[in-house]
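Below is structure-v5.cif, holding mmCIF, C-alpha atoms.
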```cif
data_final
#
loop_
_atom_site.label_atom_id
_atom_site.label_comp_id
_atom_site.auth_asym_id
_atom_site.auth_seq_id
_atom_site.Cartn_x
_atom_site.Cartn_y
_atom_site.Cartn_z
CA MET A 1 -0.39 18.94 15.64
CA SER A 2 1.54 17.05 18.21
CA TYR A 3 5.26 16.49 18.29
CA THR A 4 7.30 13.96 20.18
CA GLY A 5 11.02 14.24 20.07
CA LYS A 6 12.27 15.59 16.77
CA TYR A 7 9.70 13.76 14.61
CA GLN A 8 6.11 14.72 13.98
CA THR A 9 3.78 11.83 14.81
CA MET A 10 0.62 13.10 13.11
CA LEU A 11 -0.30 11.28 9.90
CA LYS A 12 0.22 13.63 6.96
CA VAL A 13 -1.64 11.61 4.34
CA LYS A 14 -5.42 11.58 3.99
CA VAL A 15 -8.02 9.49 2.18
CA ASN A 16 -8.70 10.71 -1.41
CA GLN A 17 -5.28 12.36 -1.57
CA LYS A 18 -2.56 11.31 -3.97
CA LEU A 19 0.20 9.58 -2.06
CA ALA A 20 3.68 11.06 -2.36
CA ASN A 21 5.70 8.98 -4.79
CA PHE A 22 8.30 6.49 -3.68
CA ALA A 23 10.63 4.60 -5.97
CA GLY A 24 12.88 1.88 -4.67
CA THR A 25 14.45 -1.47 -5.33
CA THR A 26 13.91 -4.66 -3.35
CA PHE A 27 16.79 -6.82 -2.14
CA ASP A 28 16.34 -9.05 -5.22
CA GLY A 29 16.49 -6.20 -7.73
CA GLN A 30 12.78 -5.61 -8.42
CA ARG A 31 12.17 -1.91 -9.06
CA PHE A 32 8.95 -0.37 -7.78
CA ASP A 33 7.70 3.12 -8.50
CA LEU A 34 4.33 3.97 -6.97
CA ALA A 35 3.64 6.57 -9.68
CA GLN A 36 4.10 3.96 -12.41
CA LEU A 37 1.71 1.52 -10.71
CA ALA A 38 -1.02 4.19 -10.54
CA GLY A 39 -3.54 3.72 -13.30
CA SER A 40 -2.88 0.02 -13.66
CA ALA A 41 -3.03 -1.56 -10.19
CA ASN A 42 -4.02 -1.01 -6.59
CA VAL A 43 -1.22 -0.93 -4.04
CA VAL A 44 -1.20 -2.00 -0.41
CA LEU A 45 1.78 -0.31 1.20
CA TYR A 46 2.31 -1.53 4.73
CA PHE A 47 4.86 0.06 7.02
CA TYR A 48 6.35 -1.93 9.85
CA PRO A 49 8.95 -1.18 12.53
CA LYS A 50 11.65 -3.84 12.04
CA ASP A 51 12.50 -7.06 10.21
CA ASP A 52 12.45 -10.35 12.12
CA THR A 53 10.54 -9.14 15.16
CA PRO A 54 7.44 -11.03 16.37
CA GLY A 55 4.70 -8.64 15.16
CA CYS A 56 6.45 -7.80 11.90
CA THR A 57 6.99 -11.50 11.18
CA VAL A 58 3.30 -12.29 11.77
CA GLU A 59 2.28 -9.42 9.49
CA GLY A 60 4.77 -10.38 6.78
CA LEU A 61 3.70 -14.04 6.83
CA ASP A 62 0.04 -13.06 6.75
CA PHE A 63 0.44 -10.79 3.72
CA SER A 64 2.70 -13.34 2.03
CA GLU A 65 0.15 -16.14 2.46
CA ARG A 66 -2.55 -13.96 0.88
CA ASN A 67 -0.38 -12.44 -1.84
CA LYS A 68 -1.93 -14.59 -4.61
CA ASP A 69 -5.40 -13.41 -3.54
CA PHE A 70 -4.25 -9.80 -3.70
CA ARG A 71 -2.68 -10.32 -7.15
CA LYS A 72 -5.96 -11.83 -8.44
CA LEU A 73 -7.53 -8.53 -7.43
CA ASN A 74 -4.94 -6.53 -9.42
CA THR A 75 -3.22 -5.41 -6.23
CA TRP A 76 0.45 -5.23 -5.31
CA VAL A 77 1.40 -5.68 -1.66
CA LEU A 78 4.60 -3.88 -0.69
CA GLY A 79 6.16 -3.75 2.76
CA MET A 80 8.47 -0.98 3.94
CA SER A 81 10.70 -0.46 6.93
CA ARG A 82 13.93 1.38 7.68
CA ASP A 83 15.90 -1.88 7.45
CA ASN A 84 18.40 -2.18 4.61
CA ALA A 85 18.20 -4.57 1.65
CA ASP A 86 20.48 -7.16 3.32
CA SER A 87 18.20 -7.30 6.35
CA HIS A 88 15.15 -7.66 4.07
CA SER A 89 16.90 -10.49 2.22
CA ARG A 90 17.62 -12.41 5.43
CA PHE A 91 14.06 -11.79 6.68
CA CYS A 92 12.42 -12.96 3.44
CA HIS A 93 14.61 -16.04 3.12
CA LYS A 94 14.26 -17.03 6.78
CA TYR A 95 10.45 -16.97 6.66
CA ASN A 96 9.93 -17.64 2.93
CA LEU A 97 8.10 -14.33 2.41
CA HIS A 98 6.76 -13.70 -1.09
CA ILE A 99 6.19 -9.97 -0.98
CA PRO A 100 8.50 -7.16 -2.06
CA LEU A 101 10.06 -5.27 0.85
CA LEU A 102 11.33 -1.75 0.28
CA SER A 103 13.84 0.18 2.36
CA ASP A 104 13.64 3.72 3.64
CA PRO A 105 16.92 3.64 5.59
CA GLU A 106 16.99 7.37 6.36
CA GLY A 107 13.29 7.48 7.20
CA GLU A 108 12.67 10.35 4.76
CA TYR A 109 9.54 8.83 3.21
CA GLY A 110 8.18 7.81 6.59
CA GLN A 111 8.73 11.32 7.90
CA LYS A 112 7.03 12.79 4.80
CA LEU A 113 3.95 10.64 5.55
CA GLY A 114 4.02 11.33 9.30
CA ILE A 115 4.56 7.70 10.39
CA LEU A 116 8.07 8.03 11.78
CA LYS A 117 8.09 7.58 15.56
CA ASP A 118 10.39 9.54 17.84
CA THR A 119 12.38 6.30 18.25
CA GLY A 120 13.13 6.46 14.52
CA GLY A 121 11.07 3.40 13.54
CA PHE A 122 7.83 3.37 11.59
CA LYS A 123 4.42 3.24 13.22
CA ARG A 124 2.66 0.10 12.02
CA THR A 125 0.49 1.71 9.33
CA THR A 126 -1.07 0.43 6.11
CA VAL A 127 -2.20 2.52 3.15
CA LEU A 128 -4.45 1.24 0.35
CA ILE A 129 -3.91 3.15 -2.87
CA GLY A 130 -6.41 2.78 -5.71
CA ARG A 131 -5.64 2.53 -9.41
CA ASP A 132 -6.10 6.29 -9.65
CA GLY A 133 -3.13 6.81 -7.32
CA LYS A 134 -5.34 8.16 -4.53
CA VAL A 135 -5.43 6.82 -0.98
CA LYS A 136 -8.59 4.78 -0.46
CA HIS A 137 -8.10 3.55 3.09
CA ILE A 138 -5.62 4.01 5.96
CA TRP A 139 -5.07 1.70 8.91
CA GLU A 140 -3.13 3.23 11.81
CA ASN A 141 -1.72 1.52 14.89
CA VAL A 142 -2.26 -1.85 13.24
CA LYS A 143 -2.46 -5.09 15.20
CA ALA A 144 -0.56 -7.65 13.13
CA ASN A 145 -2.85 -10.65 13.75
CA GLY A 146 -5.62 -10.73 11.14
CA HIS A 147 -4.63 -7.45 9.56
CA ALA A 148 -3.92 -8.87 6.08
CA ALA A 149 -7.39 -10.45 5.98
CA GLU A 150 -8.96 -7.11 6.90
CA VAL A 151 -6.99 -5.35 4.15
CA LEU A 152 -7.92 -8.06 1.62
CA SER A 153 -11.60 -7.55 2.48
CA GLN A 154 -11.25 -3.82 1.79
CA VAL A 155 -9.45 -4.51 -1.51
CA LYS A 156 -12.31 -6.81 -2.56
CA LYS A 157 -14.78 -3.98 -1.92
CA LEU A 158 -12.61 -1.54 -3.86
CA GLU A 159 -12.28 -3.90 -6.82
CA HIS A 160 -16.01 -4.66 -6.78
CA GLN A 161 -16.71 -0.92 -7.03
CA ALA A 162 -14.17 -0.57 -9.85
CA GLN A 163 -15.71 -3.47 -11.77
CA LYS A 164 -19.19 -1.97 -11.36
CA LYS A 165 -17.97 1.34 -12.76
CA LEU A 166 -16.31 -0.41 -15.70
CA ALA A 167 -19.45 -2.42 -16.42
CA LEU A 168 -21.62 0.69 -16.26
CA GLY A 169 -19.25 2.52 -18.55
CA ARG A 170 -19.33 -0.28 -21.11
CA ASP A 171 -23.04 -1.03 -20.92
CA LEU A 172 -24.39 2.47 -20.49
CA GLY A 173 -21.67 4.54 -22.14
CA SER A 174 -22.62 7.83 -23.76
CA VAL A 175 -21.91 6.49 -27.25
CA ARG A 176 -24.30 3.54 -26.88
CA ARG A 177 -27.04 5.72 -25.42
CA GLY A 178 -26.62 8.39 -28.08
CA TYR A 179 -26.09 10.98 -25.35
CA THR A 180 -24.62 14.33 -26.26
CA LYS A 181 -23.50 17.06 -23.92
CA PRO A 182 -25.52 20.28 -23.84
CA GLY A 183 -24.41 22.46 -26.72
CA GLN A 184 -22.79 19.51 -28.52
CA ARG A 185 -23.99 18.60 -31.99
CA ALA A 186 -25.46 15.16 -32.44
#
```
Translate this structure into structure tokens?
Amino acid sequence: MSYTGKYQTMLKVKVNQKLANFAGTTFDGQRFDLAQLAGSANVVLYFYPKDDTPGCTVEGLDFSERNKDFRKLNTWVLGMSRDNADSHSRFCHKYNLHIPLLSDPEGEYGQKLGILKDTGGFKRTTVLIGRDGKVKHIWENVKANGHAAEVLSQVKKLEHQAQKKLALGRDLGSVRRGYTKPGQRA
């Protein structure tokens, strides 16, 4: 493990792990609880350093423009930075962003995940969480240009796999096949 300053910079979340829960409210009063979304929707949680900076604006606009595509794929896109709700409000209104932005003003959640830089801001990181609440993909040290399209492509793959599993379960389910487990009476 490497340390810089007082914050650990090594990512503490891994693929196929459950993500630590975060519950928060956006500047417009929407309440989000990652644990409550698990089981019903995928979540793209992207962390960015600061509102209204060039890279963060590009990333926010990119995700916002594709938000309808994500929603068609049963996926919520949530952004998070250490900025407060007032800053998020100004940022969203200035650029007409249509994605919920959450605040972690003390950086506690970012530190828990290992994405808090020694400067106190978040490393540009995106986490894709499946319907089962487990991390499916992690992007570290993200380049803002084209990132949302890359994430959308991964979500499409994830949803395609989920739909295949659902179809297999419906079409080839144990009840329809008359399958019984060993030792189970027919």
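With all atoms listed in the file as the basis for measurement, A:Gln17 is the residue among A:Asn84, A:Ser103, A:Asn96, A:Gln17 that approaches Gly133 in chain A most closely.
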Expansion of the PyMOL selection byres ((chain A and resi 64) around 12) into residues, as number ranges by chain: A: 56-63, 65-71, 76-79, 92, 95-101, 148-149, 152
Result set of the PyMOL selection byres ((chain A and resi 33) around 12) on the coordinates above, as a list in words: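 Selected by the PyMOL selection byres ((chain A and resi 33) around 12) in this file: Leu19, Ala20, Asn21, Phe22, Ala23, Gly24, Thr25, Thr26, Gln30, Arg31, Phe32, Leu34, Ala35, Gln36, Leu37, Ala38, Ala41, Val43, Leu45, Trp76, Leu78, Leu102 and Gly133 of chain A.
What separates CA of Leu73 in chain A from CA of Leu166 in chain A is a distance of 14.5 Å.
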Residues selected by the PyMOL selection byres ((chain A and resi 122) around 12), written as a ChimeraX atom specification: /A:7-9,11,46-51,56,79-83,103-121,123-126,140-142
Expected file contents, prior selection, C-alpha atoms, as a PDB file, in the frame of the given file:
```
ATOM      1  CA  TYR A   7       9.700  13.760  14.610  1.00  0.00           C
ATOM      2  CA  GLN A   8       6.110  14.720  13.980  1.00  0.00           C
ATOM      3  CA  THR A   9       3.780  11.830  14.810  1.00  0.00           C
ATOM      4  CA  LEU A  11      -0.300  11.280   9.900  1.00  0.00           C
ATOM      5  CA  TYR A  46       2.310  -1.530   4.730  1.00  0.00           C
ATOM      6  CA  PHE A  47       4.860   0.060   7.020  1.00  0.00           C
ATOM      7  CA  TYR A  48       6.350  -1.930   9.850  1.00  0.00           C
ATOM      8  CA  PRO A  49       8.950  -1.180  12.530  1.00  0.00           C
ATOM      9  CA  LYS A  50      11.650  -3.840  12.040  1.00  0.00           C
ATOM     10  CA  ASP A  51      12.500  -7.060  10.210  1.00  0.00           C
ATOM     11  CA  CYS A  56       6.450  -7.800  11.900  1.00  0.00           C
ATOM     12  CA  GLY A  79       6.160  -3.750   2.760  1.00  0.00           C
ATOM     13  CA  MET A  80       8.470  -0.980   3.940  1.00  0.00           C
ATOM     14  CA  SER A  81      10.700  -0.460   6.930  1.00  0.00           C
ATOM     15  CA  ARG A  82      13.930   1.380   7.680  1.00  0.00           C
ATOM     16  CA  ASP A  83      15.900  -1.880   7.450  1.00  0.00           C
ATOM     17  CA  SER A 103      13.840   0.180   2.360  1.00  0.00           C
ATOM     18  CA  ASP A 104      13.640   3.720   3.640  1.00  0.00           C
ATOM     19  CA  PRO A 105      16.920   3.640   5.590  1.00  0.00           C
ATOM     20  CA  GLU A 106      16.990   7.370   6.360  1.00  0.00           C
ATOM     21  CA  GLY A 107      13.290   7.480   7.200  1.00  0.00           C
ATOM     22  CA  GLU A 108      12.670  10.350   4.760  1.00  0.00           C
ATOM     23  CA  TYR A 109       9.540   8.830   3.210  1.00  0.00           C
ATOM     24  CA  GLY A 110       8.180   7.810   6.590  1.00  0.00           C
ATOM     25  CA  GLN A 111       8.730  11.320   7.900  1.00  0.00           C
ATOM     26  CA  LYS A 112       7.030  12.790   4.800  1.00  0.00           C
ATOM     27  CA  LEU A 113       3.950  10.640   5.550  1.00  0.00           C
ATOM     28  CA  GLY A 114       4.020  11.330   9.300  1.00  0.00           C
ATOM     29  CA  ILE A 115       4.560   7.700  10.390  1.00  0.00           C
ATOM     30  CA  LEU A 116       8.070   8.030  11.780  1.00  0.00           C
ATOM     31  CA  LYS A 117       8.090   7.580  15.560  1.00  0.00           C
ATOM     32  CA  ASP A 118      10.390   9.540  17.840  1.00  0.00           C
ATOM     33  CA  THR A 119      12.380   6.300  18.250  1.00  0.00           C
ATOM     34  CA  GLY A 120      13.130   6.460  14.520  1.00  0.00           C
ATOM     35  CA  GLY A 121      11.070   3.400  13.540  1.00  0.00           C
ATOM     36  CA  LYS A 123       4.420   3.240  13.220  1.00  0.00           C
ATOM     37  CA  ARG A 124       2.660   0.100  12.020  1.00  0.00           C
ATOM     38  CA  THR A 125       0.490   1.710   9.330  1.00  0.00           C
ATOM     39  CA  THR A 126      -1.070   0.430   6.110  1.00  0.00           C
ATOM     40  CA  GLU A 140      -3.130   3.230  11.810  1.00  0.00           C
ATOM     41  CA  ASN A 141      -1.720   1.520  14.890  1.00  0.00           C
ATOM     42  CA  VAL A 142      -2.260  -1.850  13.240  1.00  0.00           C
TER      43      VAL A 142
END
```
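In terms of minimum interatomic distance to Gly146 in chain A, A:Gly55 ranks closest within A:Lys12, A:Gly55, A:Phe91, A:Ile129, counting all atoms listed in the file.
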Å distance separating CA of His137 in chain A from CA of His88 in chain A, one decimal place: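 Interatomic distance, CA of His137 in chain A to CA of His88 in chain A: 25.8 Å.
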Nearby residues (all atoms listed in the file) at most 9 Å from Val151 in chain A, same-chain spacing under 3 positions excluded, as a ChimeraX atom specification: /A:44,126,128,139,146-148,154-156
Return the padded bounding box of range 28-32 of chain A as AutoDock Vina command-line options: axis-aligned, built from all atoms listed in the file, 8 Å added on each side, with centre and edge lengths in Å to one decimal.
```
--center_x 12.7 --center_y -4.7 --center_z -7.1 --size_x 23.5 --size_y 24.7 --size_z 19.8
```
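Reported to one decimal place, the separation of CA of Val135 in chain A from CA of Val13 in chain A is 8.1 Å.
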Selected residue of minimal separation from Lys143 in chain A among A:Lys157, A:Ser40, A:Ala167, A:Pro54, counting only C-alpha atoms: A:Pro54
From A:Asn42, A:Ser153, A:Asn145, A:Asn16, residue lying nearest Asn74 in chain A [only C-alpha atoms]: A:Asn42
